[in-house]
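Have a look at my_file04.tsv; it's TSV, C-alpha atoms:
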```
chain	number	residue	atom	x	y	z
A	1000	MET	CA	185.66	42.43	207.84
A	1001	GLU	CA	187.82	40.00	205.92
A	1002	THR	CA	187.32	39.63	202.19
A	1003	ALA	CA	184.74	36.93	201.45
A	1004	ALA	CA	185.71	34.07	199.16
A	1005	ARG	CA	183.84	34.30	195.87
A	1006	GLN	CA	181.78	31.30	194.81
A	1007	MET	CA	179.76	31.38	191.58
A	1008	SER	CA	177.49	28.36	191.26
A	1009	PHE	CA	174.91	29.52	188.72
A	1010	LEU	CA	174.54	27.81	185.35
A	1011	LEU	CA	176.44	30.28	183.16
A	1012	ALA	CA	179.08	31.24	185.73
A	1013	ALA	CA	182.05	29.45	184.12
A	1014	PRO	CA	181.55	30.57	180.47
A	1015	GLU	CA	180.64	34.07	181.63
A	1016	ARG	CA	183.81	34.29	183.72
A	1017	ARG	CA	185.95	33.28	180.74
A	1018	LEU	CA	184.19	35.77	178.45
A	1019	LEU	CA	184.53	38.62	180.94
A	1020	ARG	CA	188.23	37.97	181.48
A	1021	TRP	CA	188.75	37.88	177.71
A	1022	ILE	CA	186.99	41.25	177.30
A	1023	ALA	CA	188.75	42.80	180.31
A	1024	ALA	CA	192.19	41.85	178.95
A	1025	ARG	CA	191.44	43.77	175.74
A	1026	LEU	CA	189.88	46.95	177.11
A	1027	PRO	CA	191.88	50.18	176.65
A	1028	ARG	CA	193.95	51.19	179.70
A	1029	ARG	CA	191.94	54.38	180.11
A	1030	TRP	CA	188.89	52.32	181.02
A	1031	MET	CA	188.63	51.91	184.79
A	1032	PRO	CA	186.29	49.72	186.90
A	1033	ASP	CA	184.30	52.73	188.13
A	1034	HIS	CA	183.62	53.73	184.51
A	1035	LEU	CA	182.07	50.30	183.92
A	1036	THR	CA	180.01	50.61	187.09
A	1037	ILE	CA	178.54	53.87	185.76
A	1038	ILE	CA	177.80	52.17	182.43
A	1039	GLY	CA	175.99	49.39	184.31
A	1040	VAL	CA	173.85	51.93	186.16
A	1041	ALA	CA	173.05	53.70	182.87
A	1042	GLY	CA	171.94	50.35	181.45
A	1043	ALA	CA	169.64	49.76	184.41
A	1044	VAL	CA	168.09	53.21	184.00
A	1045	ALA	CA	167.59	52.58	180.27
A	1046	THR	CA	165.92	49.26	181.10
A	1047	GLY	CA	163.55	50.90	183.59
A	1048	VAL	CA	162.67	53.69	181.15
A	1049	GLY	CA	162.15	51.16	178.35
A	1050	TYR	CA	159.69	49.14	180.40
A	1051	ALA	CA	157.85	52.21	181.69
A	1052	ALA	CA	157.51	53.66	178.17
A	1053	SER	CA	156.44	50.37	176.57
A	1054	GLY	CA	152.82	51.40	177.09
A	1055	VAL	CA	153.38	54.21	174.59
A	1056	SER	CA	154.93	51.86	172.03
A	1057	PRO	CA	156.04	48.22	172.32
A	1058	ALA	CA	159.23	49.24	170.48
A	1059	TRP	CA	160.46	50.51	173.85
A	1060	LEU	CA	160.81	46.87	174.87
A	1061	TRP	CA	163.89	46.78	172.61
A	1062	ILE	CA	165.31	49.71	174.59
A	1063	ALA	CA	164.74	47.66	177.74
A	1064	THR	CA	166.55	44.73	176.14
A	1065	LEU	CA	169.46	46.94	175.06
A	1066	GLY	CA	169.58	48.36	178.58
A	1067	LEU	CA	169.81	44.84	180.04
A	1068	ALA	CA	172.78	44.10	177.76
A	1069	ILE	CA	174.51	47.35	178.77
A	1070	ASN	CA	173.76	46.66	182.43
A	1071	TRP	CA	175.32	43.21	182.14
A	1072	PHE	CA	178.41	44.64	180.42
A	1073	GLY	CA	179.08	47.26	183.07
A	1074	ASP	CA	177.81	45.49	186.16
A	1075	SER	CA	179.59	42.20	185.46
A	1076	LEU	CA	182.81	43.54	183.98
A	1077	ASP	CA	183.83	46.16	186.55
A	1078	GLY	CA	185.04	43.66	189.15
A	1079	THR	CA	186.62	41.41	186.53
A	1080	LEU	CA	188.62	44.32	185.13
A	1081	ALA	CA	189.87	45.19	188.61
A	1082	ARG	CA	190.98	41.61	189.24
A	1083	VAL	CA	192.63	41.19	185.83
A	1084	ARG	CA	194.65	44.38	186.32
A	1085	GLN	CA	195.29	43.57	190.00
A	1086	ILE	CA	193.90	46.91	191.14
A	1087	GLU	CA	191.00	45.46	193.09
A	1088	ARG	CA	189.94	47.15	196.33
A	1089	PRO	CA	187.84	44.37	197.90
A	1090	LYS	CA	185.99	46.36	200.58
A	1091	TYR	CA	185.40	49.34	198.26
A	1092	GLY	CA	184.15	47.13	195.45
A	1093	TYR	CA	182.03	44.99	197.77
A	1094	TYR	CA	180.26	48.02	199.25
A	1095	LEU	CA	179.80	49.68	195.86
A	1096	ASP	CA	178.47	46.47	194.29
A	1097	HIS	CA	175.75	46.08	196.90
A	1098	MET	CA	174.64	49.71	196.76
A	1099	VAL	CA	174.59	49.74	192.95
A	1100	ASP	CA	172.79	46.39	192.86
A	1101	ALA	CA	170.06	47.75	195.15
A	1102	PHE	CA	169.64	50.85	192.97
A	1103	ASN	CA	169.62	48.89	189.71
A	1104	THR	CA	167.08	46.39	191.04
A	1105	THR	CA	164.79	49.16	192.23
A	1106	VAL	CA	164.95	51.10	188.94
A	1107	ILE	CA	164.33	48.04	186.78
A	1108	GLY	CA	161.55	46.82	189.08
A	1109	ALA	CA	159.88	50.23	189.02
A	1110	GLY	CA	159.98	50.21	185.22
A	1111	ILE	CA	158.41	46.76	185.11
A	1112	GLY	CA	155.67	47.90	187.49
A	1113	LEU	CA	154.95	50.96	185.34
A	1114	SER	CA	154.67	48.87	182.18
A	1115	PRO	CA	151.21	47.86	180.94
A	1116	TYR	CA	152.09	44.16	181.16
A	1117	VAL	CA	152.89	43.52	184.83
A	1118	ALA	CA	150.80	44.50	187.84
A	1119	ALA	CA	152.56	47.01	190.10
A	1120	PRO	CA	152.09	44.93	193.30
A	1121	LEU	CA	153.67	41.93	191.60
A	1122	ALA	CA	156.62	44.04	190.42
A	1123	LEU	CA	157.00	45.40	193.95
A	1124	LEU	CA	157.06	41.85	195.33
A	1125	LEU	CA	159.72	40.96	192.77
A	1126	VAL	CA	161.91	43.85	193.92
A	1127	ILE	CA	161.40	43.05	197.62
A	1128	LEU	CA	162.33	39.38	197.17
A	1129	TYR	CA	165.40	40.18	195.06
A	1130	LEU	CA	166.60	42.77	197.57
A	1131	ALA	CA	165.97	40.33	200.44
A	1132	LEU	CA	168.15	37.77	198.67
A	1133	SER	CA	170.82	40.42	198.10
A	1134	ILE	CA	170.80	41.25	201.81
A	1135	ASN	CA	171.06	37.53	202.57
A	1136	VAL	CA	174.15	37.31	200.32
A	1137	TYR	CA	175.72	40.18	202.27
A	1138	LEU	CA	174.97	38.51	205.61
A	1139	GLU	CA	176.31	35.15	204.40
A	1140	SER	CA	179.49	36.90	203.30
A	1141	SER	CA	179.89	38.54	206.70
A	1142	VAL	CA	179.05	35.44	208.77
A	1143	HIS	CA	180.51	32.62	206.66
A	1144	GLY	CA	183.18	34.51	204.71
A	1145	GLN	CA	181.73	33.21	201.45
A	1146	PHE	CA	180.22	35.29	198.64
A	1147	ASP	CA	177.80	33.18	196.56
A	1148	LEU	CA	175.98	35.33	194.02
A	1149	GLY	CA	173.79	32.60	192.52
A	1150	PHE	CA	170.75	30.83	193.87
A	1151	GLY	CA	171.28	27.24	192.78
A	1152	ILE	CA	171.69	27.33	189.00
A	1153	ILE	CA	170.06	30.77	188.72
A	1154	GLY	CA	172.12	33.94	188.85
A	1155	PRO	CA	171.85	37.54	187.61
A	1156	THR	CA	172.85	36.53	184.08
A	1157	GLU	CA	170.07	33.94	183.82
A	1158	VAL	CA	167.56	36.50	185.14
A	1159	ARG	CA	168.63	39.01	182.48
A	1160	ILE	CA	168.28	36.37	179.75
A	1161	LEU	CA	164.81	35.48	181.02
A	1162	LEU	CA	163.80	39.16	180.82
A	1163	VAL	CA	165.16	39.42	177.26
A	1164	VAL	CA	163.15	36.35	176.23
A	1165	LEU	CA	160.04	37.78	177.89
A	1166	ASN	CA	160.58	41.12	176.11
A	1167	THR	CA	160.77	39.32	172.76
A	1168	VAL	CA	157.63	37.30	173.48
A	1169	LEU	CA	155.74	40.41	174.56
A	1170	PHE	CA	156.80	42.34	171.47
A	1171	ALA	CA	155.86	39.44	169.20
A	1172	GLY	CA	152.50	39.11	170.89
A	1173	VAL	CA	151.71	42.81	170.61
A	1174	VAL	CA	153.06	43.57	167.12
A	1175	TRP	CA	153.27	40.37	165.12
A	1176	SER	CA	150.31	38.41	166.49
A	1177	ASP	CA	146.67	39.21	166.92
A	1178	VAL	CA	146.71	38.56	170.65
A	1179	ALA	CA	144.51	40.49	173.08
A	1180	SER	CA	146.40	42.78	175.46
A	1181	ALA	CA	144.69	41.13	178.42
A	1182	THR	CA	146.08	37.76	177.36
A	1183	ILE	CA	149.57	39.20	176.98
A	1184	ALA	CA	149.33	40.77	180.44
A	1185	ARG	CA	148.24	37.44	181.94
A	1186	VAL	CA	151.23	35.68	180.40
A	1187	ALA	CA	153.65	38.36	181.64
A	1188	ASN	CA	152.14	38.36	185.12
A	1189	GLY	CA	152.29	34.59	185.19
A	1190	VAL	CA	155.99	34.54	184.33
A	1191	VAL	CA	156.80	37.19	186.94
A	1192	ALA	CA	154.71	35.31	189.51
A	1193	MET	CA	156.70	32.13	188.81
A	1194	VAL	CA	159.97	34.06	189.19
A	1195	CYS	CA	158.69	35.44	192.51
A	1196	CYS	CA	157.86	31.91	193.68
A	1197	GLY	CA	161.37	30.79	192.74
A	1198	LEU	CA	162.97	33.70	194.58
A	1199	ALA	CA	160.80	33.10	197.65
A	1200	TYR	CA	161.76	29.42	197.67
A	1201	ALA	CA	165.46	30.28	197.33
A	1202	LEU	CA	165.21	32.81	200.18
A	1203	VAL	CA	163.46	30.40	202.55
A	1204	ALA	CA	165.79	27.52	201.63
A	1205	ARG	CA	168.97	29.54	202.17
A	1206	PHE	CA	167.58	31.01	205.41
A	1207	ARG	CA	166.90	27.51	206.73
A	1208	ILE	CA	170.32	26.19	205.64
A	1209	ASN	CA	172.08	29.13	207.27
A	1210	LEU	CA	170.23	28.67	210.56
A	1211	VAL	CA	171.08	24.96	210.65
A	1212	ARG	CA	174.71	25.65	209.77
A	1213	LEU	CA	175.04	28.36	212.40
A	1214	SER	CA	173.33	26.28	215.08
A	1215	ARG	CA	175.99	23.61	214.53
A	1216	LEU	CA	178.81	26.14	214.63
A	1217	GLU	CA	177.38	27.81	217.74
A	1218	PRO	CA	175.44	25.21	219.76
A	1219	PRO	CA	173.21	26.66	222.47
A	1220	ARG	CA	174.78	26.96	225.92
A	1221	ARG	CA	173.18	25.16	228.83
```

Would you mind writing the file's structure down as structure tokens?
Amino acid sequence: METAARQMSFLLAAPERRLLRWIAARLPRRWMPDHLTIIGVAGAVATGVGYAASGVSPAWLWIATLGLAINWFGDSLDGTLARVRQIERPKYGYYLDHMVDAFNTTVIGAGIGLSPYVAAPLALLLVILYLALSINVYLESSVHGQFDLGFGIIGPTEVRILLVVLNTVLFAGVVWSDVASATIARVANGVVAMVCCGLAYALVARFRINLVRLSRLEPPRR
């Protein structure tokens, strides 16, 4: 399989790319891309644990937020570091990225489902839709030779920021405001439900676009 051309269309893609290249150029030489991948996985595990333990104390939501930041640092910087140092192994990195992404999504989704704020079936739907979109990205890369990580203006960075905002709102509602837990759960479930609707729309839209594009490239034989 040839290396797919990278295309980042989500809202924060350009400033994030500049920031990541700036950080990568200043990392010590002993830091390697695989080290950052491991850090990203550790961040995902911390996020999942933080969400799952938030029923014990809402302070664990801050652990989930810290985990999201660590996950972004490792998961987003590993490939950038490889490209900046010109040590990239495209097929190796591509395979590793997809496997790690599946693991991270599952761990974070499981943590969300185990939290007292989001219903487990809704969290499971969130994981399924995100993984389906990830599989679609892989198939698009294989068929069209183009790797587009975002879904319109929404990409992984925007999703992480949304989770951080939701964590802050949940913590404020539980600790700083006299809001019933049932109300907080309804808000959290509502936000996750809207995210699921957005992911479902993106999946159906890209599926339709791909079928139309492929039908033009490969018209049916008579």

* Asked: Got a sec: who's within 8 Å of segment 1112-1121 of chain A, counting all atoms listed in the file, leaving out chain neighbours fewer than 5 positions off, as number ranges by chain?
  -> A: 1050-1054, 1183-1185, 1187-1188, 1191-1192

Go ahead and dump the residues you just picked, C-alpha atoms, as an mmCIF file, keeping the file's coordinate frame.
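Writing done, so here's result17.cif:
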```cif
data_model
loop_
_atom_site.group_PDB
_atom_site.id
_atom_site.type_symbol
_atom_site.label_atom_id
_atom_site.label_comp_id
_atom_site.auth_asym_id
_atom_site.auth_seq_id
_atom_site.Cartn_x
_atom_site.Cartn_y
_atom_site.Cartn_z
ATOM 1 C CA TYR A 1050 159.690 49.140 180.400
ATOM 2 C CA ALA A 1051 157.850 52.210 181.690
ATOM 3 C CA ALA A 1052 157.510 53.660 178.170
ATOM 4 C CA SER A 1053 156.440 50.370 176.570
ATOM 5 C CA GLY A 1054 152.820 51.400 177.090
ATOM 6 C CA ILE A 1183 149.570 39.200 176.980
ATOM 7 C CA ALA A 1184 149.330 40.770 180.440
ATOM 8 C CA ARG A 1185 148.240 37.440 181.940
ATOM 9 C CA ALA A 1187 153.650 38.360 181.640
ATOM 10 C CA ASN A 1188 152.140 38.360 185.120
ATOM 11 C CA VAL A 1191 156.800 37.190 186.940
ATOM 12 C CA ALA A 1192 154.710 35.310 189.510
#
```

* Which residues, written as a PyMOL selection string, have at least one atom at most 8 Å from Gly1066 of chain A, with all atoms listed in the file counted and residues fewer than 6 positions away on the same chain left out? -> chain A and resi 1041-1046+1049

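Going from atom CA of Tyr1137 of chain A over to atom CA of Ala1204 of chain A, you cover 16.1 Å.
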
* Taking only C-alpha atoms into account, which of A:Arg1028, A:His1143, A:Arg1016, A:His1097 comes nearest Ala1131 of chain A? -> A:His1097

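Here atom CA of Leu1076 of chain A and atom CA of Thr1036 of chain A stand 8.2 Å from one another.
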
For segment 1154-1157 of chain A, what centre and edge lengths in Å (one decimal) does the axis-aligned box get once 8 Å is added on each side of all its listed atoms, as lines of an AutoDock Vina configuration file?
```
center_x = 171.5
center_y = 35.7
center_z = 186.3
size_x = 18.8
size_y = 19.6
size_z = 21.0
```

* atom CA of Leu1210 of chain A and atom CA of Tyr1129 of chain A are how many Å apart? -> 19.9 Å

* Structure fact -> Counting all atoms listed in the file, closest pick from A:Val1190, A:Ile1062, A:Pro1057, A:Ala1199 relative to Leu1169 of chain A is A:Pro1057

* Which residues, written as a ChimeraX atom specification, have at least one atom at most 12 Å from Pro1032 of chain A, with all atoms listed in the file counted and residues fewer than 3 positions away on the same chain left out? -> /A:1023,1026-1029,1035-1039,1072-1088,1091-1092,1095-1096

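Distance annotation: of A:Ala1012, A:Met1193, A:Leu1165, A:Gly1047, the residue with the minimal separation from Phe1102 of chain A is A:Gly1047; atom set is only C-alpha atoms.
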
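Considering the residues A:Arg1205, A:Arg1017, A:Arg1159, A:Lys1090 and counting all atoms listed in the file, Leu1067 of chain A has its shortest atom-to-atom contact with A:Arg1159.
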
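Proximity of A:Asp1033, A:Tyr1094, A:Leu1216, A:Arg1025 to Ser1140 of chain A, computed with only C-alpha atoms, is greatest for A:Tyr1094.
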